[in-house]
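Raw data_6.csv, CSV, C-alpha atoms:
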chain,number,residue,atom,x,y,z
A,1,MET,CA,-29.3,-47.8,80.0
A,2,LYS,CA,-28.5,-45.3,77.2
A,3,GLN,CA,-25.6,-47.5,76.1
A,4,LEU,CA,-27.9,-50.6,76.1
A,5,ILE,CA,-30.4,-48.9,73.9
A,6,ILE,CA,-27.7,-47.8,71.5
A,7,GLY,CA,-26.3,-51.3,71.5
A,8,LEU,CA,-29.7,-52.8,70.7
A,9,LEU,CA,-30.3,-50.3,67.9
A,10,CYS,CA,-26.9,-51.2,66.4
A,11,LEU,CA,-27.7,-54.9,66.7
A,12,THR,CA,-31.1,-54.5,65.1
A,13,SER,CA,-29.8,-52.3,62.3
A,14,SER,CA,-27.0,-54.8,61.6
A,15,PHE,CA,-29.6,-57.7,61.5
A,16,LEU,CA,-31.8,-55.8,59.1
A,17,PHE,CA,-28.9,-54.9,56.9
A,18,ALA,CA,-27.8,-58.6,56.8
A,19,GLN,CA,-31.4,-59.6,55.9
A,20,GLU,CA,-31.2,-57.3,52.9
A,21,GLU,CA,-28.1,-58.9,51.5
A,22,ASP,CA,-28.1,-61.6,48.9
A,23,PRO,CA,-27.2,-64.8,50.8
A,24,ASN,CA,-25.4,-66.1,47.6
A,25,LEU,CA,-27.0,-69.6,47.7
A,26,PHE,CA,-26.4,-72.0,44.9
A,27,THR,CA,-27.4,-75.6,44.0
A,28,VAL,CA,-25.7,-78.3,41.9
A,29,ASP,CA,-27.6,-80.9,40.0
A,30,SER,CA,-27.0,-84.0,38.0
A,31,ASN,CA,-29.3,-85.6,35.3
A,32,TYR,CA,-28.9,-88.8,33.5
A,33,PHE,CA,-30.7,-89.0,30.1
A,34,TYR,CA,-31.8,-91.6,27.6
A,35,GLY,CA,-33.4,-90.6,24.3
A,36,THR,CA,-33.6,-90.7,20.5
A,37,LEU,CA,-32.3,-88.7,17.6
A,38,LEU,CA,-35.2,-87.0,15.7
A,39,GLU,CA,-35.2,-87.3,11.9
A,40,HIS,CA,-35.8,-83.7,11.2
A,41,ASN,CA,-33.9,-84.1,7.9
A,42,PRO,CA,-33.9,-87.3,5.7
A,43,ASP,CA,-30.1,-86.7,5.1
A,44,ILE,CA,-29.4,-87.9,8.7
A,45,ALA,CA,-31.6,-91.0,8.6
A,46,HIS,CA,-28.6,-93.3,8.2
A,47,LEU,CA,-27.1,-91.9,11.4
A,48,ILE,CA,-30.0,-92.9,13.7
A,49,THR,CA,-29.0,-96.3,14.8
A,50,ASP,CA,-29.4,-96.4,18.6
A,51,HIS,CA,-30.6,-94.5,21.6
A,52,PRO,CA,-28.2,-91.7,22.8
A,53,THR,CA,-27.4,-91.5,26.5
A,54,GLY,CA,-25.6,-88.9,28.5
A,55,LEU,CA,-25.2,-86.7,31.6
A,56,ILE,CA,-26.0,-83.1,32.4
A,57,LEU,CA,-24.1,-81.4,35.3
A,58,SER,CA,-25.1,-77.9,36.4
A,59,TYR,CA,-24.3,-75.1,38.8
A,60,ASN,CA,-27.3,-72.8,39.6
A,61,LYS,CA,-27.2,-69.4,41.4
A,62,LYS,CA,-30.4,-68.9,43.3
A,63,THR,CA,-32.2,-65.5,43.3
A,64,TYR,CA,-34.6,-64.2,45.9
A,65,GLY,CA,-35.5,-60.7,44.7
A,66,PHE,CA,-32.5,-58.7,46.0
A,67,GLN,CA,-32.2,-57.3,42.5
A,68,PRO,CA,-35.3,-55.7,40.9
A,69,TRP,CA,-35.2,-58.0,37.7
A,70,GLU,CA,-35.4,-61.2,39.8
A,71,SER,CA,-39.0,-60.8,41.0
A,72,ARG,CA,-40.2,-59.8,37.5
A,73,PHE,CA,-39.4,-63.4,36.3
A,74,ASN,CA,-40.5,-65.3,39.5
A,75,TYR,CA,-37.0,-65.5,41.0
A,76,PRO,CA,-35.2,-67.6,38.3
A,77,ASP,CA,-31.8,-69.3,38.7
A,78,TRP,CA,-28.8,-68.6,36.4
A,79,GLY,CA,-25.8,-70.8,36.0
A,80,PHE,CA,-23.6,-73.0,33.9
A,81,SER,CA,-23.9,-76.5,32.7
A,82,PHE,CA,-21.9,-79.3,31.2
A,83,VAL,CA,-23.4,-81.9,28.8
A,84,TYR,CA,-21.9,-85.2,27.8
A,85,GLN,CA,-23.7,-87.1,25.1
A,86,ASP,CA,-22.8,-90.5,23.5
A,87,MET,CA,-24.6,-90.3,20.2
A,88,LYS,CA,-24.5,-94.2,20.0
A,89,ASN,CA,-23.3,-94.0,16.4
A,90,GLU,CA,-19.7,-94.6,15.2
A,91,TYR,CA,-19.9,-91.8,12.7
A,92,LEU,CA,-21.3,-89.2,15.1
A,93,GLY,CA,-19.0,-90.0,18.0
A,94,LYS,CA,-19.5,-88.2,21.3
A,95,ASN,CA,-20.2,-84.6,22.2
A,96,TYR,CA,-19.0,-82.5,25.1
A,97,GLY,CA,-20.7,-79.1,25.7
A,98,LEU,CA,-20.4,-76.1,28.0
A,99,TYR,CA,-23.4,-73.8,28.4
A,100,ALA,CA,-24.8,-70.7,30.2
A,101,HIS,CA,-28.4,-71.2,31.3
A,102,TYR,CA,-31.5,-69.8,33.0
A,103,ASN,CA,-34.0,-71.8,35.1
A,104,PHE,CA,-37.6,-70.4,35.2
A,105,TYR,CA,-40.2,-71.6,37.6
A,106,PHE,CA,-43.9,-72.2,37.3
A,107,LEU,CA,-46.8,-73.9,39.2
A,108,ASN,CA,-45.7,-72.9,42.7
A,109,ARG,CA,-42.1,-73.5,41.7
A,110,ASN,CA,-42.7,-77.2,41.0
A,111,LEU,CA,-42.3,-76.9,37.3
A,112,ASN,CA,-38.8,-75.8,36.1
A,113,PHE,CA,-38.0,-74.7,32.5
A,114,ARG,CA,-34.4,-74.3,31.5
A,115,ILE,CA,-32.8,-72.9,28.4
A,116,GLY,CA,-29.1,-73.2,27.8
A,117,GLN,CA,-26.8,-71.9,25.1
A,118,GLY,CA,-23.2,-72.8,24.5
A,119,LEU,CA,-20.5,-74.5,22.5
A,120,ALA,CA,-19.9,-78.2,22.1
A,121,TYR,CA,-16.9,-80.3,20.9
A,122,THR,CA,-17.6,-83.4,18.8
A,123,THR,CA,-15.1,-86.2,18.6
A,124,ASN,CA,-15.8,-87.4,15.1
A,125,PRO,CA,-16.8,-84.6,12.6
A,126,TYR,CA,-17.1,-85.0,8.9
A,127,HIS,CA,-13.9,-85.8,7.0
A,128,LYS,CA,-13.9,-86.3,3.2
A,129,GLU,CA,-11.7,-89.4,3.5
A,130,THR,CA,-12.1,-90.9,7.0
A,131,ASN,CA,-15.7,-89.9,7.9
A,132,TYR,CA,-17.6,-88.9,4.9
A,133,THR,CA,-20.7,-90.6,6.4
A,134,ASN,CA,-21.2,-87.8,9.0
A,135,GLY,CA,-23.3,-85.3,7.2
A,136,ALA,CA,-24.5,-83.7,10.4
A,137,TYR,CA,-21.4,-82.0,11.7
A,138,GLY,CA,-19.0,-80.3,9.4
A,139,SER,CA,-16.6,-79.1,12.1
A,140,ASP,CA,-15.4,-80.2,15.6
A,141,LEU,CA,-16.8,-77.1,17.3
A,142,LEU,CA,-20.6,-76.7,17.3
A,143,SER,CA,-23.1,-74.2,18.5
A,144,SER,CA,-25.5,-76.0,20.8
A,145,THR,CA,-28.8,-75.2,22.6
A,146,TYR,CA,-30.8,-77.3,25.0
A,147,PHE,CA,-34.2,-77.0,26.6
A,148,MET,CA,-35.2,-78.9,29.8
A,149,LEU,CA,-38.6,-79.2,31.4
A,150,ASN,CA,-38.6,-80.8,34.8
A,151,TYR,CA,-40.8,-81.5,37.7
A,152,LYS,CA,-38.4,-80.4,40.4
A,153,LYS,CA,-38.4,-80.4,44.2
A,154,GLU,CA,-35.5,-78.8,46.1
A,155,ASN,CA,-34.4,-79.2,49.7
A,156,VAL,CA,-36.6,-82.3,50.3
A,157,TYR,CA,-34.2,-83.6,53.0
A,158,LYS,CA,-31.2,-81.6,54.3
A,159,GLY,CA,-30.6,-79.8,51.1
A,160,LEU,CA,-31.1,-82.8,48.8
A,161,GLY,CA,-33.8,-82.7,46.1
A,162,PHE,CA,-34.9,-84.5,43.0
A,163,GLN,CA,-36.1,-83.8,39.5
A,164,ALA,CA,-37.3,-85.7,36.4
A,165,GLY,CA,-38.5,-84.5,33.0
A,166,ILE,CA,-37.7,-84.2,29.3
A,167,SER,CA,-35.1,-82.3,27.3
A,168,VAL,CA,-34.2,-81.5,23.7
A,169,ILE,CA,-30.5,-81.0,22.8
A,170,HIS,CA,-29.5,-79.4,19.5
A,171,TYR,CA,-26.1,-79.4,17.8
A,172,SER,CA,-25.2,-77.4,14.7
A,173,ASN,CA,-22.3,-75.3,13.4
A,174,ALA,CA,-24.8,-73.0,11.7
A,175,ASN,CA,-23.2,-73.3,8.3
A,176,VAL,CA,-19.8,-72.1,9.5
A,177,LYS,CA,-18.5,-75.1,7.6
A,178,ALA,CA,-20.3,-77.7,5.4
A,179,PRO,CA,-21.9,-80.2,5.8
A,180,ASN,CA,-24.3,-79.0,8.5
A,181,ASN,CA,-27.4,-81.1,8.7
A,182,SER,CA,-27.3,-80.9,12.5
A,183,THR,CA,-29.0,-83.2,15.1
A,184,ASN,CA,-31.8,-82.8,17.6
A,185,THR,CA,-32.1,-85.3,20.5
A,186,PHE,CA,-35.3,-85.8,22.5
A,187,VAL,CA,-34.5,-87.4,25.9
A,188,PHE,CA,-36.0,-88.4,29.2
A,189,ASN,CA,-33.9,-87.3,32.1
A,190,VAL,CA,-33.9,-88.0,35.9
A,191,GLY,CA,-31.6,-86.7,38.6
A,192,ALA,CA,-30.9,-85.1,41.9
A,193,ASN,CA,-30.0,-81.7,43.2
A,194,TYR,CA,-28.3,-80.3,46.3
A,195,MET,CA,-28.6,-76.9,47.9
A,196,PHE,CA,-25.5,-75.7,49.8
A,197,ASP,CA,-26.0,-73.8,53.0
A,198,TYR,CA,-29.7,-74.6,52.8
A,199,LYS,CA,-30.4,-73.6,56.4
A,200,SER,CA,-29.8,-69.9,55.5
A,201,GLU,CA,-32.3,-69.8,52.7
A,202,PRO,CA,-34.2,-66.5,52.9
A,203,ASP,CA,-37.8,-65.7,52.0
A,204,PHE,CA,-38.5,-64.4,48.5
A,205,GLN,CA,-38.5,-60.6,48.5
A,206,PRO,CA,-41.6,-58.9,47.2
A,207,SER,CA,-41.2,-56.5,44.3
A,208,THR,CA,-40.8,-52.8,45.2
A,209,GLU,CA,-40.9,-51.5,41.6
A,210,ASN,CA,-43.4,-49.1,40.3
A,211,LYS,CA,-45.5,-51.1,37.9
A,212,LYS,CA,-45.8,-48.1,35.6
A,213,PHE,CA,-42.9,-48.0,33.2
A,214,THR,CA,-42.5,-45.7,30.1
A,215,GLU,CA,-39.7,-45.2,27.7
A,216,LYS,CA,-39.6,-43.3,24.5
A,217,ILE,CA,-38.9,-44.9,21.2
A,218,LYS,CA,-35.2,-46.0,20.9
A,219,TYR,CA,-33.2,-46.2,17.6
A,220,ASN,CA,-30.7,-49.0,17.1
A,221,ILE,CA,-27.8,-49.5,14.8
A,222,ALA,CA,-26.1,-52.9,14.7
A,223,PHE,CA,-23.2,-54.4,12.8
A,224,ARG,CA,-22.9,-58.2,12.6
A,225,THR,CA,-20.2,-60.4,11.0
A,226,GLY,CA,-18.7,-63.9,10.8
A,227,VAL,CA,-17.8,-66.6,8.3
A,228,ASN,CA,-19.9,-69.3,6.7
A,229,GLU,CA,-20.0,-71.7,3.8
A,230,SER,CA,-22.6,-72.9,1.3
A,231,ASP,CA,-24.0,-76.4,1.5
A,232,ILE,CA,-21.5,-77.5,-1.2
A,233,VAL,CA,-18.7,-79.3,0.7
A,234,GLY,CA,-15.3,-77.9,0.0
A,235,MET,CA,-16.4,-74.6,-1.6
A,236,GLY,CA,-14.7,-72.7,1.3
A,237,GLN,CA,-15.5,-70.3,4.1
A,238,TYR,CA,-16.2,-66.6,3.3
A,239,PRO,CA,-16.9,-63.6,5.5
A,240,PHE,CA,-20.3,-61.8,5.7
A,241,TYR,CA,-21.2,-58.3,6.9
A,242,ASN,CA,-24.7,-57.5,8.0
A,243,PHE,CA,-26.0,-54.0,8.9
A,244,SER,CA,-29.3,-53.3,10.7
A,245,ILE,CA,-31.2,-50.2,11.7
A,246,TYR,CA,-34.4,-50.4,13.7
A,247,ALA,CA,-36.6,-48.7,16.2
A,248,ASP,CA,-37.9,-50.3,19.3
A,249,LYS,CA,-40.6,-49.4,21.9
A,250,ARG,CA,-40.6,-50.9,25.4
A,251,ILE,CA,-44.2,-51.6,26.5
A,252,ASN,CA,-43.1,-52.6,30.0
A,253,ARG,CA,-40.0,-53.5,31.9
A,254,LYS,CA,-39.8,-56.9,30.2
A,255,SER,CA,-40.7,-56.4,26.6
A,256,ALA,CA,-40.0,-54.2,23.6
A,257,PHE,CA,-41.3,-54.5,20.0
A,258,GLN,CA,-39.0,-53.7,17.0
A,259,VAL,CA,-39.4,-52.8,13.4
A,260,GLY,CA,-36.4,-52.2,11.0
A,261,ALA,CA,-34.3,-53.1,8.0
A,262,ASP,CA,-31.3,-55.3,7.3
A,263,VAL,CA,-28.6,-55.2,4.5
A,264,PHE,CA,-26.8,-58.4,3.9
A,265,PHE,CA,-23.3,-58.8,2.2
A,266,ALA,CA,-22.7,-62.6,2.2
A,267,HIS,CA,-19.7,-63.5,0.1
A,268,PHE,CA,-20.4,-67.2,0.1
A,269,LEU,CA,-23.5,-66.4,-1.9
A,270,LYS,CA,-21.4,-64.5,-4.4
A,271,GLU,CA,-19.3,-67.6,-4.9
A,272,LEU,CA,-22.3,-69.9,-5.0
A,273,ILE,CA,-23.9,-67.8,-7.8
A,274,TYR,CA,-20.6,-68.1,-9.8
A,275,TYR,CA,-20.3,-71.8,-9.1
A,276,TYR,CA,-23.9,-72.6,-10.4
A,277,SER,CA,-23.4,-70.4,-13.5
A,278,VAL,CA,-20.3,-72.5,-14.5
A,279,ALA,CA,-21.1,-76.0,-13.2
A,280,TYR,CA,-24.8,-76.1,-13.9
A,281,PRO,CA,-25.5,-74.1,-17.1
A,282,GLU,CA,-29.0,-75.7,-17.3
A,283,ARG,CA,-30.0,-73.5,-14.3
A,284,HIS,CA,-29.4,-70.4,-16.4
A,285,VAL,CA,-27.8,-68.5,-13.5
A,286,ASP,CA,-26.3,-65.2,-14.6
A,287,PRO,CA,-22.8,-64.9,-13.0
A,288,ASP,CA,-23.3,-61.2,-12.6
A,289,THR,CA,-26.4,-61.6,-10.4
A,290,ASP,CA,-26.2,-59.4,-7.4
A,291,TYR,CA,-25.5,-61.3,-4.2
A,292,LYS,CA,-26.6,-58.6,-1.8
A,293,ARG,CA,-30.0,-58.7,-0.1
A,294,VAL,CA,-32.2,-56.1,1.8
A,295,GLY,CA,-34.8,-57.2,4.3
A,296,ILE,CA,-37.4,-55.6,6.5
A,297,PHE,CA,-38.4,-57.2,9.8
A,298,VAL,CA,-40.4,-57.0,13.0
A,299,GLY,CA,-39.2,-58.4,16.3
A,300,HIS,CA,-39.5,-58.7,20.0
A,301,GLU,CA,-36.9,-58.2,22.8
A,302,LEU,CA,-37.2,-59.8,26.2
A,303,PHE,CA,-35.1,-57.9,28.8
A,304,ILE,CA,-33.5,-60.0,31.6
A,305,ASN,CA,-31.2,-58.0,33.8
A,306,LYS,CA,-28.3,-56.8,31.5
A,307,MET,CA,-29.1,-59.6,29.0
A,308,SER,CA,-32.0,-59.7,26.5
A,309,PHE,CA,-33.3,-62.4,24.2
A,310,ILE,CA,-34.3,-61.2,20.7
A,311,THR,CA,-36.6,-62.8,18.0
A,312,GLN,CA,-37.0,-61.3,14.6
A,313,LEU,CA,-39.0,-62.3,11.5
A,314,GLY,CA,-38.0,-60.7,8.2
A,315,TYR,CA,-38.8,-60.6,4.5
A,316,TYR,CA,-36.4,-59.8,1.7
A,317,ALA,CA,-37.6,-56.7,-0.1
A,318,TYR,CA,-34.5,-56.8,-2.4
A,319,TYR,CA,-33.9,-60.4,-3.5
A,320,PRO,CA,-32.1,-60.8,-6.8
A,321,TYR,CA,-31.0,-64.4,-6.3
A,322,ASP,CA,-33.3,-67.1,-4.9
A,323,PHE,CA,-31.6,-68.7,-1.9
A,324,GLU,CA,-33.7,-70.6,0.7
A,325,GLY,CA,-36.8,-68.4,0.2
A,326,ARG,CA,-37.7,-64.7,1.0
A,327,VAL,CA,-38.6,-65.2,4.7
A,328,TYR,CA,-35.9,-65.3,7.3
A,329,GLU,CA,-35.6,-65.2,11.1
A,330,ARG,CA,-33.0,-64.2,13.7
A,331,ILE,CA,-32.8,-65.3,17.3
A,332,GLY,CA,-30.2,-64.7,19.9
A,333,LEU,CA,-28.8,-62.9,22.9
A,334,LYS,CA,-27.8,-59.3,23.6
A,335,ARG,CA,-25.6,-58.1,26.4
A,336,TYR,CA,-25.9,-54.4,27.4
A,337,PHE,CA,-23.0,-52.3,28.6
A,338,GLY,CA,-24.8,-49.3,30.2
A,339,ASP,CA,-27.9,-48.0,28.5
A,340,THR,CA,-26.4,-47.4,25.1
A,341,PHE,CA,-23.9,-50.0,23.9
A,342,PHE,CA,-24.5,-53.7,23.4
A,343,SER,CA,-22.9,-56.9,21.9
A,344,ALA,CA,-24.9,-59.7,20.4
A,345,LEU,CA,-24.7,-63.4,19.4
A,346,THR,CA,-27.4,-64.3,17.0
A,347,LEU,CA,-28.4,-67.1,14.6
A,348,LYS,CA,-29.9,-66.1,11.2
A,349,ALA,CA,-31.9,-68.9,9.5
A,350,HIS,CA,-34.6,-69.7,6.9
A,351,GLY,CA,-37.0,-71.9,8.7
A,352,ALA,CA,-35.1,-74.9,10.1
A,353,LYS,CA,-32.1,-74.1,7.7
A,354,ALA,CA,-29.4,-72.1,9.4
A,355,GLU,CA,-27.4,-69.6,7.4
A,356,ALA,CA,-25.0,-68.0,9.8
A,357,VAL,CA,-23.9,-67.4,13.4
A,358,GLU,CA,-23.6,-63.6,13.7
A,359,PHE,CA,-21.3,-61.8,16.2
A,360,GLY,CA,-22.5,-58.2,16.6
A,361,VAL,CA,-22.1,-54.9,18.3
A,362,GLY,CA,-24.4,-51.9,18.3
A,363,VAL,CA,-25.8,-48.8,19.9
A,364,ARG,CA,-29.3,-48.0,21.2
A,365,LEU,CA,-30.0,-44.3,21.2
Spit out the file's structure as structure tokens when you get a sec.
Amino acid sequence: MKQLIIGLLCLTSSFLFAQEEDPNLFTVDSNYFYGTLLEHNPDIAHLITDHPTGLILSYNKKTYGFQPWESRFNYPDWGFSFVYQDMKNEYLGKNYGLYAHYNFYFLNRNLNFRIGQGLAYTTNPYHKETNYTNGAYGSDLLSSTYFMLNYKKENVYKGLGFQAGISVIHYSNANVKAPNNSTNTFVFNVGANYMFDYKSEPDFQPSTENKKFTEKIKYNIAFRTGVNESDIVGMGQYPFYNFSIYADKRINRKSAFQVGADVFFAHFLKELIYYYSVAYPERHVDPDTDYKRVGIFVGHELFINKMSFITQLGYYAYYPYDFEGRVYERIGLKRYFGDTFFSALTLKAHGAKAEAVEFGVGVRL
């Protein structure tokens, strides 16, 4: 009898332990899309000649609350996706993209919002002799972002489900090389999904976190760099070096607000000032005009596990040369390594006009 009780206890404890483990379920989905290029810039009007089509293939890792961050965001998926798009224009060619993405769920998990960020390869970029008509893509490698909003049902029948909705797909090289008028495609998509090992799907685990969360003000130092080019084709690519110092205050486990300052050393701007002073004397540009800029900004940081999404809005306090206006913004991703160090991939822009893709590292103290 004693041995039986011990055996039952061992079996029960093993069962409970198994229930606490992440079952590692995932889904795959496929979406066909049909849409139109948006004329966000009159310089690409001649490239809008037909309706683009394509395919989005995705892998999605399911979450059920076995990690604390998962329940904070209503048990999202994370995963990877591949996008093929035929631009239906001989000068734009075809695009192939690889992305990392998150799926967020709303309305009793019937509404699914996805954001994906990655790199795309275009088959027919600008060339001054063979494809000077393509003013959208100045390089064969592009930065790409896509948003998808679906009505989605999973595991309708033996793991098979369906979805339909709308998406926006953006391609740009962020002024790494001119020209860079970019494209935005609005599409309607429809597809199917399949959940592997659907019979072992667990219940969603309720949050066990203490809702009260406090953290003292943190101080951040970041260094960002990369290369970019002015809008004048053929001027050349030049490095830039951006330094930031800012304070942030987390108001809960998800969000922190930021305030700080940036210093920008963009050598393309130095060359652009000299170019205008020589080529366009009627502009009265002094070749010795300082190319450096200093900005102040406010921002927000959304923490998702070890990743975070940042948005910042800035104003140039020191602005000796007028380039795209005094207001700028920065959006992008940070990846934390422990509690102190981070890397970042961000886009700096003025309105809808990108200036640079920034690769950064920093500390949060």
CA of Glu90 (chain A) to CA of Leu47 (chain A), straight-line distance in Å: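 Calculated distance between CA of Leu47 (chain A) and CA of Glu90 (chain A) is 8.7 Å.
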Two-atom distance - CA of Tyr246 (chain A), CA of Ile273 (chain A) (Å):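 So the two atoms, CA of Tyr246 (chain A) and CA of Ile273 (chain A), lie 29.6 Å apart.
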List as a PDB file with C-alpha atoms, keeping the file's coordinate frame the protein and nucleic acid residues near Asn112 (chain A), meaning an atom at most 7 Å away when all atoms listed in the file are counted, but skip any in the same chain fewer than 2 places from it.
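Saved the output as result-v2.pdb:
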ATOM      1  CA  ASN A 103     -34.000 -71.800  35.100  1.00  0.00           C
ATOM      2  CA  PHE A 104     -37.600 -70.400  35.200  1.00  0.00           C
ATOM      3  CA  TYR A 105     -40.200 -71.600  37.600  1.00  0.00           C
ATOM      4  CA  PHE A 106     -43.900 -72.200  37.300  1.00  0.00           C
ATOM      5  CA  ARG A 109     -42.100 -73.500  41.700  1.00  0.00           C
ATOM      6  CA  ASN A 110     -42.700 -77.200  41.000  1.00  0.00           C
ATOM      7  CA  ARG A 114     -34.400 -74.300  31.500  1.00  0.00           C
ATOM      8  CA  LEU A 149     -38.600 -79.200  31.400  1.00  0.00           C
ATOM      9  CA  ASN A 150     -38.600 -80.800  34.800  1.00  0.00           C
ATOM     10  CA  TYR A 151     -40.800 -81.500  37.700  1.00  0.00           C
ATOM     11  CA  LYS A 152     -38.400 -80.400  40.400  1.00  0.00           C
TER      12      LYS A 152
END
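For the residues A:Gly314, A:Gly226, A:Gly234, A:Gly159, ranking by smallest atom-to-atom distance to Gly360 (chain A) using only C-alpha atoms places A:Gly226 first.
For the atom pair formed by CA of Ser30 (chain A) and CA of Ser144 (chain A), the distance is 19.0 Å, given to one decimal.
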Within 10 Å of (-24.5, -93.5, 13.2), only C-alpha atoms: residues as a ChimeraX atom specification? /A:44-50,87-93,133-134
Report as a VMD selection string all protein, DNA and RNA residues lying within 10 Å of Asn24 (chain A), evaluated on all atoms listed in the file, omitting residues in the same chain fewer than 6 positions from it. chain A and resid 61 to 64 196 to 197 200 to 201
Kindly complete region 27-40 of chain A to N, CA, C and O atoms; the output should be written as a PDB file, in the coordinates of the input.
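File out.pdb, as written:
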ATOM      1  N   THR A  27     -27.129 -74.137  44.002  1.00  0.00           N
ATOM      2  CA  THR A  27     -27.400 -75.600  44.000  1.00  0.00           C
ATOM      3  C   THR A  27     -26.514 -76.189  42.867  1.00  0.00           C
ATOM      4  O   THR A  27     -26.081 -75.513  41.932  1.00  0.00           O
ATOM      5  N   VAL A  28     -26.272 -77.471  42.989  1.00  0.00           N
ATOM      6  CA  VAL A  28     -25.700 -78.300  41.900  1.00  0.00           C
ATOM      7  C   VAL A  28     -26.678 -79.381  41.608  1.00  0.00           C
ATOM      8  O   VAL A  28     -27.401 -79.847  42.504  1.00  0.00           O
ATOM      9  N   ASP A  29     -26.753 -79.782  40.345  1.00  0.00           N
ATOM     10  CA  ASP A  29     -27.600 -80.900  40.000  1.00  0.00           C
ATOM     11  C   ASP A  29     -27.005 -81.776  38.946  1.00  0.00           C
ATOM     12  O   ASP A  29     -26.126 -81.340  38.189  1.00  0.00           O
ATOM     13  N   SER A  30     -27.453 -83.018  38.918  1.00  0.00           N
ATOM     14  CA  SER A  30     -27.000 -84.000  38.000  1.00  0.00           C
ATOM     15  C   SER A  30     -28.172 -84.712  37.353  1.00  0.00           C
ATOM     16  O   SER A  30     -29.096 -85.108  38.079  1.00  0.00           O
ATOM     17  N   ASN A  31     -28.183 -84.854  36.021  1.00  0.00           N
ATOM     18  CA  ASN A  31     -29.300 -85.600  35.300  1.00  0.00           C
ATOM     19  C   ASN A  31     -28.681 -86.582  34.367  1.00  0.00           C
ATOM     20  O   ASN A  31     -27.802 -86.257  33.545  1.00  0.00           O
ATOM     21  N   TYR A  32     -29.154 -87.804  34.472  1.00  0.00           N
ATOM     22  CA  TYR A  32     -28.900 -88.800  33.500  1.00  0.00           C
ATOM     23  C   TYR A  32     -29.968 -88.825  32.451  1.00  0.00           C
ATOM     24  O   TYR A  32     -31.148 -88.656  32.803  1.00  0.00           O
ATOM     25  N   PHE A  33     -29.631 -88.997  31.151  1.00  0.00           N
ATOM     26  CA  PHE A  33     -30.700 -89.000  30.100  1.00  0.00           C
ATOM     27  C   PHE A  33     -30.529 -90.141  29.148  1.00  0.00           C
ATOM     28  O   PHE A  33     -29.423 -90.669  28.920  1.00  0.00           O
ATOM     29  N   TYR A  34     -31.671 -90.484  28.551  1.00  0.00           N
ATOM     30  CA  TYR A  34     -31.800 -91.600  27.600  1.00  0.00           C
ATOM     31  C   TYR A  34     -32.814 -91.095  26.546  1.00  0.00           C
ATOM     32  O   TYR A  34     -33.903 -90.638  26.931  1.00  0.00           O
ATOM     33  N   GLY A  35     -32.476 -91.187  25.243  1.00  0.00           N
ATOM     34  CA  GLY A  35     -33.400 -90.600  24.300  1.00  0.00           C
ATOM     35  C   GLY A  35     -33.253 -91.169  22.881  1.00  0.00           C
ATOM     36  O   GLY A  35     -32.711 -92.267  22.666  1.00  0.00           O
ATOM     37  N   THR A  36     -33.668 -90.355  21.924  1.00  0.00           N
ATOM     38  CA  THR A  36     -33.600 -90.700  20.500  1.00  0.00           C
ATOM     39  C   THR A  36     -33.297 -89.537  19.651  1.00  0.00           C
ATOM     40  O   THR A  36     -33.699 -88.410  19.973  1.00  0.00           O
ATOM     41  N   LEU A  37     -32.578 -89.768  18.552  1.00  0.00           N
ATOM     42  CA  LEU A  37     -32.300 -88.700  17.600  1.00  0.00           C
ATOM     43  C   LEU A  37     -33.571 -88.534  16.715  1.00  0.00           C
ATOM     44  O   LEU A  37     -34.159 -89.510  16.235  1.00  0.00           O
ATOM     45  N   LEU A  38     -33.979 -87.268  16.529  1.00  0.00           N
ATOM     46  CA  LEU A  38     -35.200 -87.000  15.700  1.00  0.00           C
ATOM     47  C   LEU A  38     -34.740 -86.821  14.262  1.00  0.00           C
ATOM     48  O   LEU A  38     -33.764 -86.139  13.946  1.00  0.00           O
ATOM     49  N   GLU A  39     -35.531 -87.418  13.371  1.00  0.00           N
ATOM     50  CA  GLU A  39     -35.200 -87.300  11.900  1.00  0.00           C
ATOM     51  C   GLU A  39     -35.846 -86.062  11.366  1.00  0.00           C
ATOM     52  O   GLU A  39     -36.834 -86.094  10.641  1.00  0.00           O
ATOM     53  N   HIS A  40     -35.246 -84.925  11.689  1.00  0.00           N
ATOM     54  CA  HIS A  40     -35.800 -83.700  11.200  1.00  0.00           C
ATOM     55  C   HIS A  40     -35.342 -83.419   9.741  1.00  0.00           C
ATOM     56  O   HIS A  40     -35.860 -82.511   9.078  1.00  0.00           O
TER      57      HIS A  40
END
